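As provided, data-v2.csv (CSV, C-alpha atoms) reads as follows.
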```
chain,number,residue,atom,x,y,z
X,1,MET,CA,0.0,0.0,0.0
X,2,ASP,CA,3.0,2.2,-0.6
X,3,HIS,CA,1.7,4.1,-3.7
X,4,ASP,CA,0.8,7.8,-3.1
X,5,LEU,CA,-1.6,9.3,-5.6
X,6,ARG,CA,-0.1,11.2,-8.5
X,7,ALA,CA,-1.6,13.9,-10.7
X,8,GLY,CA,-4.8,12.7,-12.3
X,9,GLU,CA,-5.0,9.4,-10.5
X,10,LEU,CA,-8.3,8.3,-9.1
X,11,SER,CA,-9.1,6.0,-6.3
X,12,VAL,CA,-12.5,4.5,-5.4
X,13,MET,CA,-14.1,2.9,-2.4
X,14,ALA,CA,-13.4,-0.7,-3.4
X,15,PRO,CA,-15.8,-3.3,-2.2
X,16,PRO,CA,-14.4,-6.0,0.1
X,17,ALA,CA,-12.4,-8.7,-1.6
X,18,THR,CA,-14.4,-11.6,-0.2
X,19,ASP,CA,-16.0,-13.1,-3.3
X,20,ALA,CA,-13.5,-16.0,-3.5
X,21,GLY,CA,-10.3,-17.1,-1.7
X,22,LEU,CA,-6.8,-17.9,-3.0
X,23,VAL,CA,-4.2,-20.4,-1.7
X,24,PHE,CA,-0.6,-19.6,-2.1
X,25,ILE,CA,0.9,-22.7,-3.8
X,26,GLY,CA,4.6,-21.7,-3.8
X,27,ARG,CA,7.1,-18.9,-3.6
X,28,ILE,CA,9.0,-17.1,-6.4
X,29,GLY,CA,12.7,-16.3,-6.0
X,30,THR,CA,14.2,-13.4,-7.9
X,31,PRO,CA,17.2,-11.1,-7.6
X,32,TRP,CA,15.0,-8.1,-6.7
X,33,THR,CA,14.3,-7.2,-3.1
X,34,GLU,CA,12.9,-3.7,-3.6
X,35,ARG,CA,10.0,-2.7,-5.9
X,36,THR,CA,12.0,0.1,-7.5
X,37,ALA,CA,14.7,-2.4,-8.6
X,38,CYS,CA,12.3,-4.7,-10.5
X,39,PRO,CA,12.4,-4.4,-14.3
X,40,ARG,CA,9.2,-3.0,-15.9
X,41,GLN,CA,8.7,-6.1,-18.0
X,42,GLY,CA,10.5,-9.4,-17.8
X,43,GLY,CA,12.3,-10.9,-20.8
X,44,LEU,CA,12.9,-14.5,-21.7
X,45,ASP,CA,16.6,-13.7,-21.7
X,46,GLY,CA,16.4,-12.2,-18.1
X,47,PRO,CA,18.2,-13.5,-15.0
X,48,LEU,CA,17.5,-17.0,-13.7
X,49,CYS,CA,14.7,-17.1,-11.2
X,50,THR,CA,13.3,-19.9,-9.1
X,51,ILE,CA,9.7,-21.1,-8.5
X,52,ASP,CA,9.4,-23.3,-5.4
X,53,VAL,CA,6.1,-25.2,-5.4
X,54,PHE,CA,4.8,-26.2,-1.9
X,55,GLU,CA,3.3,-29.5,-0.9
X,56,PRO,CA,0.8,-31.0,-1.6
X,57,TRP,CA,1.1,-29.5,-5.1
X,58,ILE,CA,4.5,-30.9,-6.3
X,59,ALA,CA,2.9,-33.9,-7.9
X,60,ALA,CA,1.0,-31.5,-10.2
X,61,LEU,CA,4.3,-30.5,-11.9
X,62,GLU,CA,4.4,-33.9,-13.7
X,63,GLY,CA,4.8,-33.3,-17.4
X,64,ILE,CA,5.5,-29.6,-17.4
X,65,ALA,CA,9.1,-29.8,-18.4
X,66,GLN,CA,7.9,-30.8,-21.9
X,67,TYR,CA,6.8,-27.2,-22.4
X,68,PRO,CA,9.5,-24.7,-23.5
X,69,THR,CA,7.4,-21.8,-22.1
X,70,LEU,CA,4.9,-21.6,-19.2
X,71,GLU,CA,2.4,-19.1,-18.0
X,72,ILE,CA,2.9,-18.1,-14.4
X,73,LEU,CA,0.2,-16.4,-12.3
X,74,TYR,CA,1.3,-14.8,-9.0
X,75,TRP,CA,0.0,-12.4,-6.4
X,76,MET,CA,1.3,-8.9,-6.2
X,77,ASN,CA,0.8,-8.6,-2.5
X,78,GLN,CA,2.2,-5.1,-2.1
X,79,ALA,CA,-0.1,-3.4,-4.6
X,80,ARG,CA,-3.0,-1.1,-3.6
X,81,ARG,CA,-6.3,-2.2,-5.2
X,82,ASP,CA,-8.5,0.9,-5.4
X,83,LEU,CA,-7.1,2.8,-8.4
X,84,VAL,CA,-9.2,3.2,-11.5
X,85,ARG,CA,-7.0,5.8,-13.2
X,86,GLN,CA,-3.2,5.7,-13.0
X,87,ASN,CA,-0.3,7.9,-14.1
X,88,PRO,CA,2.5,5.4,-14.4
X,89,ALA,CA,4.9,7.6,-16.2
X,90,ASN,CA,4.1,10.5,-13.8
X,91,ASP,CA,3.4,12.7,-16.8
X,92,GLN,CA,0.3,14.6,-18.1
X,93,ARG,CA,-1.4,11.4,-19.3
X,94,THR,CA,-3.5,9.2,-17.1
X,95,ARG,CA,-4.9,5.8,-18.3
X,96,GLY,CA,-7.6,3.5,-17.0
X,97,THR,CA,-6.2,0.6,-14.8
X,98,PHE,CA,-7.4,-2.0,-17.3
X,99,ALA,CA,-5.4,-0.2,-20.1
X,100,LEU,CA,-2.2,-1.0,-18.1
X,101,ARG,CA,-0.4,-4.0,-16.9
X,102,SER,CA,0.5,-2.2,-13.6
X,103,PRO,CA,0.5,-4.2,-10.4
X,104,LEU,CA,-2.1,-1.8,-9.0
X,105,ARG,CA,-5.5,-3.3,-9.8
X,106,PRO,CA,-8.6,-4.6,-8.1
X,107,ASN,CA,-7.3,-8.1,-8.1
X,108,PRO,CA,-3.5,-7.9,-8.2
X,109,ILE,CA,-2.9,-11.1,-10.2
X,110,ALA,CA,0.1,-11.0,-12.6
X,111,SER,CA,0.5,-13.2,-15.6
X,112,SER,CA,4.0,-13.8,-17.0
X,113,ILE,CA,5.4,-16.0,-19.7
X,114,VAL,CA,8.7,-17.7,-18.7
X,115,ALA,CA,11.2,-19.9,-20.4
X,116,VAL,CA,11.9,-23.1,-18.5
X,117,GLU,CA,15.5,-24.0,-17.8
X,118,ARG,CA,15.0,-27.1,-15.7
X,119,LEU,CA,12.9,-28.7,-13.0
X,120,GLU,CA,14.5,-30.2,-9.9
X,121,GLY,CA,12.0,-31.8,-7.5
X,122,GLY,CA,9.6,-29.0,-6.6
X,123,ARG,CA,11.8,-26.2,-7.9
X,124,LEU,CA,11.6,-24.8,-11.4
X,125,PHE,CA,14.3,-22.6,-12.8
X,126,VAL,CA,13.0,-20.1,-15.3
X,127,ARG,CA,13.7,-16.8,-17.0
X,128,GLY,CA,11.2,-14.0,-17.8
X,129,LEU,CA,10.0,-12.9,-14.4
X,130,ASP,CA,10.1,-9.3,-13.1
X,131,CYS,CA,8.6,-9.5,-9.6
X,132,LEU,CA,9.9,-9.1,-6.1
X,133,ASP,CA,11.8,-11.9,-4.3
X,134,GLY,CA,9.3,-13.8,-2.2
X,135,THR,CA,6.2,-13.2,-4.4
X,136,PRO,CA,3.4,-15.7,-3.7
X,137,LEU,CA,2.7,-18.2,-6.5
X,138,LEU,CA,-0.9,-18.8,-7.7
X,139,ASP,CA,-0.7,-21.0,-10.7
X,140,ILE,CA,1.4,-22.6,-13.4
X,141,LYS,CA,-0.1,-23.4,-16.9
X,142,PRO,CA,1.3,-24.4,-20.2
X,143,ASP,CA,1.8,-21.3,-22.4
X,144,ARG,CA,-1.3,-21.2,-24.5
X,145,GLN,CA,0.8,-20.9,-27.6
X,146,CYS,CA,2.3,-24.4,-26.9
X,147,PHE,CA,-0.9,-26.1,-25.8
X,148,THR,CA,-3.7,-27.9,-27.5
X,149,PRO,CA,-6.3,-29.5,-25.2
X,150,PRO,CA,-5.8,-33.3,-24.8
X,151,LYS,CA,-9.0,-34.3,-26.6
X,152,VAL,CA,-7.4,-33.6,-29.9
X,153,GLY,CA,-3.9,-34.8,-28.9
X,154,ASP,CA,-1.1,-32.9,-27.2
X,155,ALA,CA,0.7,-30.5,-29.4
X,156,ILE,CA,4.0,-29.1,-28.1
X,157,CYS,CA,5.6,-26.2,-29.8
X,158,GLN,CA,9.3,-26.4,-30.5
X,159,SER,CA,11.0,-23.1,-29.7
J,1,MET,CA,-17.5,-29.7,-7.6
J,2,ASP,CA,-19.2,-31.9,-10.2
J,3,HIS,CA,-16.1,-33.7,-11.4
J,4,ASP,CA,-15.9,-37.4,-10.3
J,5,LEU,CA,-12.4,-38.9,-10.3
J,6,ARG,CA,-11.3,-40.8,-13.4
J,7,ALA,CA,-8.7,-43.5,-13.8
J,8,GLY,CA,-5.3,-42.4,-12.6
J,9,GLU,CA,-6.5,-39.1,-11.2
J,10,LEU,CA,-5.2,-38.0,-7.8
J,11,SER,CA,-6.8,-35.6,-5.3
J,12,VAL,CA,-5.1,-34.2,-2.2
J,13,MET,CA,-6.1,-32.6,1.0
J,14,ALA,CA,-6.0,-29.0,-0.2
J,15,PRO,CA,-5.2,-26.3,2.4
J,16,PRO,CA,-7.8,-23.7,3.0
J,17,ALA,CA,-8.0,-21.0,0.3
J,18,THR,CA,-7.6,-18.1,2.8
J,19,ASP,CA,-4.2,-16.5,1.8
J,20,ALA,CA,-5.8,-13.7,-0.2
J,21,GLY,CA,-9.2,-12.6,-1.3
J,22,LEU,CA,-10.7,-11.7,-4.6
J,23,VAL,CA,-13.4,-9.3,-5.7
J,24,PHE,CA,-15.6,-10.1,-8.7
J,25,ILE,CA,-15.5,-7.0,-10.9
J,26,GLY,CA,-17.9,-8.0,-13.6
J,27,ARG,CA,-19.8,-10.7,-15.3
J,28,ILE,CA,-19.1,-12.6,-18.6
J,29,GLY,CA,-21.9,-13.4,-20.9
J,30,THR,CA,-21.5,-16.3,-23.4
J,31,PRO,CA,-23.8,-18.6,-25.4
J,32,TRP,CA,-22.9,-21.6,-23.2
J,33,THR,CA,-25.1,-22.4,-20.2
J,34,GLU,CA,-23.7,-25.9,-19.5
J,35,ARG,CA,-20.1,-26.9,-19.0
J,36,THR,CA,-20.3,-29.7,-21.5
J,37,ALA,CA,-21.3,-27.2,-24.2
J,38,CYS,CA,-18.3,-25.0,-23.8
J,39,PRO,CA,-15.6,-25.2,-26.4
J,40,ARG,CA,-12.3,-26.6,-25.2
J,41,GLN,CA,-10.4,-23.5,-26.2
J,42,GLY,CA,-11.8,-20.3,-27.5
J,43,GLY,CA,-10.8,-18.7,-30.8
J,44,LEU,CA,-10.6,-15.1,-31.8
J,45,ASP,CA,-13.1,-16.0,-34.6
J,46,GLY,CA,-15.5,-17.5,-32.0
J,47,PRO,CA,-19.0,-16.1,-31.1
J,48,LEU,CA,-19.5,-12.6,-29.8
J,49,CYS,CA,-19.5,-12.5,-26.0
J,50,THR,CA,-20.0,-9.7,-23.5
J,51,ILE,CA,-18.0,-8.6,-20.5
J,52,ASP,CA,-20.0,-6.4,-18.2
J,53,VAL,CA,-17.8,-4.4,-15.8
J,54,PHE,CA,-19.4,-3.4,-12.5
J,55,GLU,CA,-19.1,-0.1,-10.7
J,56,PRO,CA,-16.9,1.3,-9.3
J,57,TRP,CA,-14.6,-0.1,-11.9
J,58,ILE,CA,-16.1,1.2,-15.2
J,59,ALA,CA,-13.8,4.3,-15.1
J,60,ALA,CA,-10.8,1.8,-15.3
J,61,LEU,CA,-11.8,0.9,-18.8
J,62,GLU,CA,-10.6,4.2,-20.2
J,63,GLY,CA,-8.2,3.7,-23.0
J,64,ILE,CA,-8.6,-0.1,-23.5
J,65,ALA,CA,-10.4,0.2,-26.9
J,66,GLN,CA,-7.0,1.1,-28.4
J,67,TYR,CA,-5.8,-2.5,-27.9
J,68,PRO,CA,-7.0,-5.0,-30.6
J,69,THR,CA,-6.6,-7.8,-28.1
J,70,LEU,CA,-6.9,-8.0,-24.3
J,71,GLU,CA,-6.1,-10.6,-21.7
J,72,ILE,CA,-9.1,-11.5,-19.5
J,73,LEU,CA,-8.8,-13.2,-16.1
J,74,TYR,CA,-11.8,-14.9,-14.7
J,75,TRP,CA,-12.9,-17.2,-12.0
J,76,MET,CA,-13.9,-20.8,-12.8
J,77,ASN,CA,-16.3,-21.0,-9.9
J,78,GLN,CA,-17.5,-24.5,-10.6
J,79,ALA,CA,-14.2,-26.3,-10.6
J,80,ARG,CA,-12.9,-28.5,-7.9
J,81,ARG,CA,-9.5,-27.4,-6.6
J,82,ASP,CA,-7.9,-30.5,-5.1
J,83,LEU,CA,-6.6,-32.5,-8.2
J,84,VAL,CA,-2.8,-32.9,-8.8
J,85,ARG,CA,-3.1,-35.4,-11.6
J,86,GLN,CA,-5.8,-35.4,-14.2
J,87,ASN,CA,-7.0,-37.5,-17.1
J,88,PRO,CA,-8.8,-35.0,-19.3
J,89,ALA,CA,-9.1,-37.3,-22.3
J,90,ASN,CA,-10.3,-40.1,-20.1
J,91,ASP,CA,-7.6,-42.4,-21.6
J,92,GLN,CA,-4.6,-44.2,-20.3
J,93,ARG,CA,-2.5,-41.0,-19.8
J,94,THR,CA,-2.7,-38.8,-16.8
J,95,ARG,CA,-0.9,-35.5,-16.5
J,96,GLY,CA,0.0,-33.1,-13.7
J,97,THR,CA,-2.5,-30.3,-13.2
J,98,PHE,CA,0.2,-27.7,-14.1
J,99,ALA,CA,0.8,-29.4,-17.4
J,100,LEU,CA,-2.8,-28.7,-18.4
J,101,ARG,CA,-5.0,-25.6,-18.8
J,102,SER,CA,-8.0,-27.4,-17.3
J,103,PRO,CA,-10.3,-25.4,-15.0
J,104,LEU,CA,-9.6,-27.9,-12.2
J,105,ARG,CA,-6.6,-26.4,-10.3
J,106,PRO,CA,-5.8,-25.1,-6.8
J,107,ASN,CA,-6.6,-21.5,-7.9
J,108,PRO,CA,-9.2,-21.8,-10.7
J,109,ILE,CA,-8.2,-18.6,-12.5
J,110,ALA,CA,-8.4,-18.7,-16.3
J,111,SER,CA,-6.5,-16.4,-18.6
J,112,SER,CA,-7.8,-15.9,-22.1
J,113,ILE,CA,-6.9,-13.6,-25.0
J,114,VAL,CA,-9.9,-11.9,-26.7
J,115,ALA,CA,-10.3,-9.7,-29.8
J,116,VAL,CA,-12.2,-6.5,-28.9
J,117,GLU,CA,-15.1,-5.6,-31.1
J,118,ARG,CA,-16.3,-2.5,-29.3
J,119,LEU,CA,-16.9,-0.9,-25.9
J,120,GLU,CA,-20.3,0.5,-25.0
J,121,GLY,CA,-20.3,2.1,-21.5
J,122,GLY,CA,-19.4,-0.6,-19.1
J,123,ARG,CA,-19.9,-3.4,-21.6
J,124,LEU,CA,-17.2,-4.9,-23.8
J,125,PHE,CA,-18.0,-7.0,-26.8
J,126,VAL,CA,-15.3,-9.6,-27.5
J,127,ARG,CA,-14.5,-12.9,-29.3
J,128,GLY,CA,-12.3,-15.6,-27.9
J,129,LEU,CA,-13.9,-16.8,-24.7
J,130,ASP,CA,-14.9,-20.4,-23.9
J,131,CYS,CA,-16.4,-20.1,-20.5
J,132,LEU,CA,-19.9,-20.5,-19.0
J,133,ASP,CA,-22.4,-17.8,-19.2
J,134,GLY,CA,-22.3,-15.8,-15.9
J,135,THR,CA,-18.6,-16.5,-15.1
J,136,PRO,CA,-17.2,-13.9,-12.7
J,137,LEU,CA,-14.6,-11.5,-14.1
J,138,LEU,CA,-11.4,-10.8,-12.2
J,139,ASP,CA,-9.3,-8.6,-14.4
J,140,ILE,CA,-8.8,-7.0,-17.9
J,141,LYS,CA,-5.2,-6.3,-19.1
J,142,PRO,CA,-3.7,-5.3,-22.4
J,143,ASP,CA,-2.4,-8.3,-24.3
J,144,ARG,CA,1.3,-8.5,-23.4
J,145,GLN,CA,2.0,-8.7,-27.1
J,146,CYS,CA,0.5,-5.3,-27.7
J,147,PHE,CA,1.9,-3.5,-24.7
J,148,THR,CA,5.0,-1.7,-23.7
J,149,PRO,CA,5.2,-0.1,-20.2
J,150,PRO,CA,4.5,3.7,-20.4
J,151,LYS,CA,8.0,4.7,-19.2
J,152,VAL,CA,9.3,4.0,-22.6
J,153,GLY,CA,6.2,5.2,-24.5
J,154,ASP,CA,3.0,3.4,-25.3
J,155,ALA,CA,3.4,1.0,-28.2
J,156,ILE,CA,0.2,-0.4,-29.7
J,157,CYS,CA,0.3,-3.3,-32.0
J,158,GLN,CA,-1.6,-3.2,-35.3
J,159,SER,CA,-3.4,-6.5,-35.9
```

Would you kindly transcribe this structure into structure tokens?
Amino acid sequence: MDHDLRAGELSVMAPPATDAGLVFIGRIGTPWTERTACPRQGGLDGPLCTIDVFEPWIAALEGIAQYPTLEILYWMNQARRDLVRQNPANDQRTRGTFALRSPLRPNPIASSIVAVERLEGGRLFVRGLDCLDGTPLLDIKPDRQCFTPPKVGDAICQS
Amino acid sequence: MDHDLRAGELSVMAPPATDAGLVFIGRIGTPWTERTACPRQGGLDGPLCTIDVFEPWIAALEGIAQYPTLEILYWMNQARRDLVRQNPANDQRTRGTFALRSPLRPNPIASSIVAVERLEGGRLFVRGLDCLDGTPLLDIKPDRQCFTPPKVGDAICQS
């Protein structure tokens, strides 16, 4: 909750976030321990990061190493949730929250694409993240660009 | 919770989903009123669907119509959350939950890419969804492939 309003930004009285509940299924390890040090957008050639999956979810990793890229959902637990207009460049232009990929949003869920280096037990080594060290993990999915639903046969992209 | 275990599927004692809370920010309208009728994966040439954004979030839509494609996060509220291995094709092969994009996962958050047709007030008309009518909306973001963070100037892809 460490974001002070900038020129043109608008906050609202957000309703309570009690419609559904999340479970943190792991922990993301990155080189960045302060928000200001995080890159604005991760790249698949970025530094090696770790994703530690907690029990009882480690068995759910079976088969993911076949995908060159994965989609990672995580929880940006330091972001305020009540902004509808933001001014990320701190200039004269504000934008609606949904026109940005900023962490500040009603449900601060990030979605990133990562390149998989390797899987060791419950630990994935990946490149492409841009979040703080210690960020809670919500989900791991095959990258949609590599995935075809099993009914019609698994298709795995080669990249 | 209407999924009975199939051959080779494995459920676990899932911890309580109380680490963080979500707010439903809108409602998705689709032609599909039963799970078995939903397509396995939406296409950008699929049927027209609606996304109704609730107050106080409508102001956050400002500027999104400039993006030809958006990423939509929504909550698959009918999915059981305790499976670590699944057998989606009901065949001899099981897969870890994280190697699938199935709705059945510890945090049943879906991420879809949609093509924007138009915005009318708080209602977006889009193509590309594959979920049930009435599905709760969690977030709208610019498609990462169309978006560059504002610090370095907005870049909007032409597609």

At a cut-off of 7 Å, using all atoms listed in the file, what residues contact region 95-101 of chain J? Leave out same-chain residues fewer than 5 positions from it and give the result as a short mmCIF file (atom, residue, chain, number, x, y, z; two decimals) with C-alpha atoms, keeping the file's coordinate frame.
```
data_model
loop_
_atom_site.label_atom_id
_atom_site.label_comp_id
_atom_site.auth_asym_id
_atom_site.auth_seq_id
_atom_site.Cartn_x
_atom_site.Cartn_y
_atom_site.Cartn_z
CA ALA X 59 2.90 -33.90 -7.90
CA ALA X 60 1.00 -31.50 -10.20
CA LEU X 61 4.30 -30.50 -11.90
CA GLU X 62 4.40 -33.90 -13.70
CA GLY X 63 4.80 -33.30 -17.40
CA ILE X 64 5.50 -29.60 -17.40
CA ILE X 140 1.40 -22.60 -13.40
CA LYS X 141 -0.10 -23.40 -16.90
CA PRO X 142 1.30 -24.40 -20.20
CA LEU J 83 -6.60 -32.50 -8.20
CA VAL J 84 -2.80 -32.90 -8.80
CA ARG J 85 -3.10 -35.40 -11.60
CA GLN J 86 -5.80 -35.40 -14.20
CA ASN J 87 -7.00 -37.50 -17.10
#
```

For region 123-129 of chain J, find every residue with an atom within 6 Å (counting all atoms listed in the file), except residues of its own chain fewer than 5 positions away, and show them as a tab-separated table (two decimals) with C-alpha atoms, keeping the file's coordinate frame.
```tsv
chain	number	residue	atom	x	y	z
J	42	GLY	CA	-11.80	-20.30	-27.50
J	43	GLY	CA	-10.80	-18.70	-30.80
J	44	LEU	CA	-10.60	-15.10	-31.80
J	46	GLY	CA	-15.50	-17.50	-32.00
J	47	PRO	CA	-19.00	-16.10	-31.10
J	48	LEU	CA	-19.50	-12.60	-29.80
J	49	CYS	CA	-19.50	-12.50	-26.00
J	50	THR	CA	-20.00	-9.70	-23.50
J	51	ILE	CA	-18.00	-8.60	-20.50
J	52	ASP	CA	-20.00	-6.40	-18.20
J	114	VAL	CA	-9.90	-11.90	-26.70
J	115	ALA	CA	-10.30	-9.70	-29.80
J	116	VAL	CA	-12.20	-6.50	-28.90
J	117	GLU	CA	-15.10	-5.60	-31.10
J	118	ARG	CA	-16.30	-2.50	-29.30
```

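Proximity of J:Asp45, J:Ala7, J:Arg35, J:Pro106 to Gly21 (chain X), computed with all atoms listed in the file, is greatest for J:Pro106.
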
Q. For the atom pair CA of Pro31 (chain X) and CA of Ala20 (chain J), what is the interatomic distance in Å to one decimal place?
A. 24.3 Å

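Distances from X:Asn77, X:Thr30, X:Thr69, X:Gln92 to Pro108 (chain X) were compared using all atoms listed in the file, and the smallest one belongs to X:Asn77.
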
Q | Point-to-point distance from CA of Ile109 (chain X) to CA of Thr36 (chain J), Å rounded to tenths | A | 27.9 Å

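If you measure from each of X:Asp19, X:Asp143, X:Glu120, X:Glu34 to chain J using only C-alpha atoms, the closest one turns out to be X:Asp19.
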
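When CA of Arg6 (chain J) is paired with CA of Trp32 (chain J), their separation reads 24.5 Å.
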
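With distances restricted to all atoms listed in the file, J:Asn107 is the closest residue to chain X from J:Arg80, J:His3, J:Gln145, J:Asn107.
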
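Distances to chain X were evaluated for J:Ile28, J:Leu5, J:Leu132, J:Leu104 using only C-alpha atoms, and the minimum falls at J:Leu104.
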
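Each of J:Leu119, J:Leu138, J:Met76, J:Val53 was checked against chain X using only C-alpha atoms; the smallest atom-to-atom distance is that of J:Leu138.
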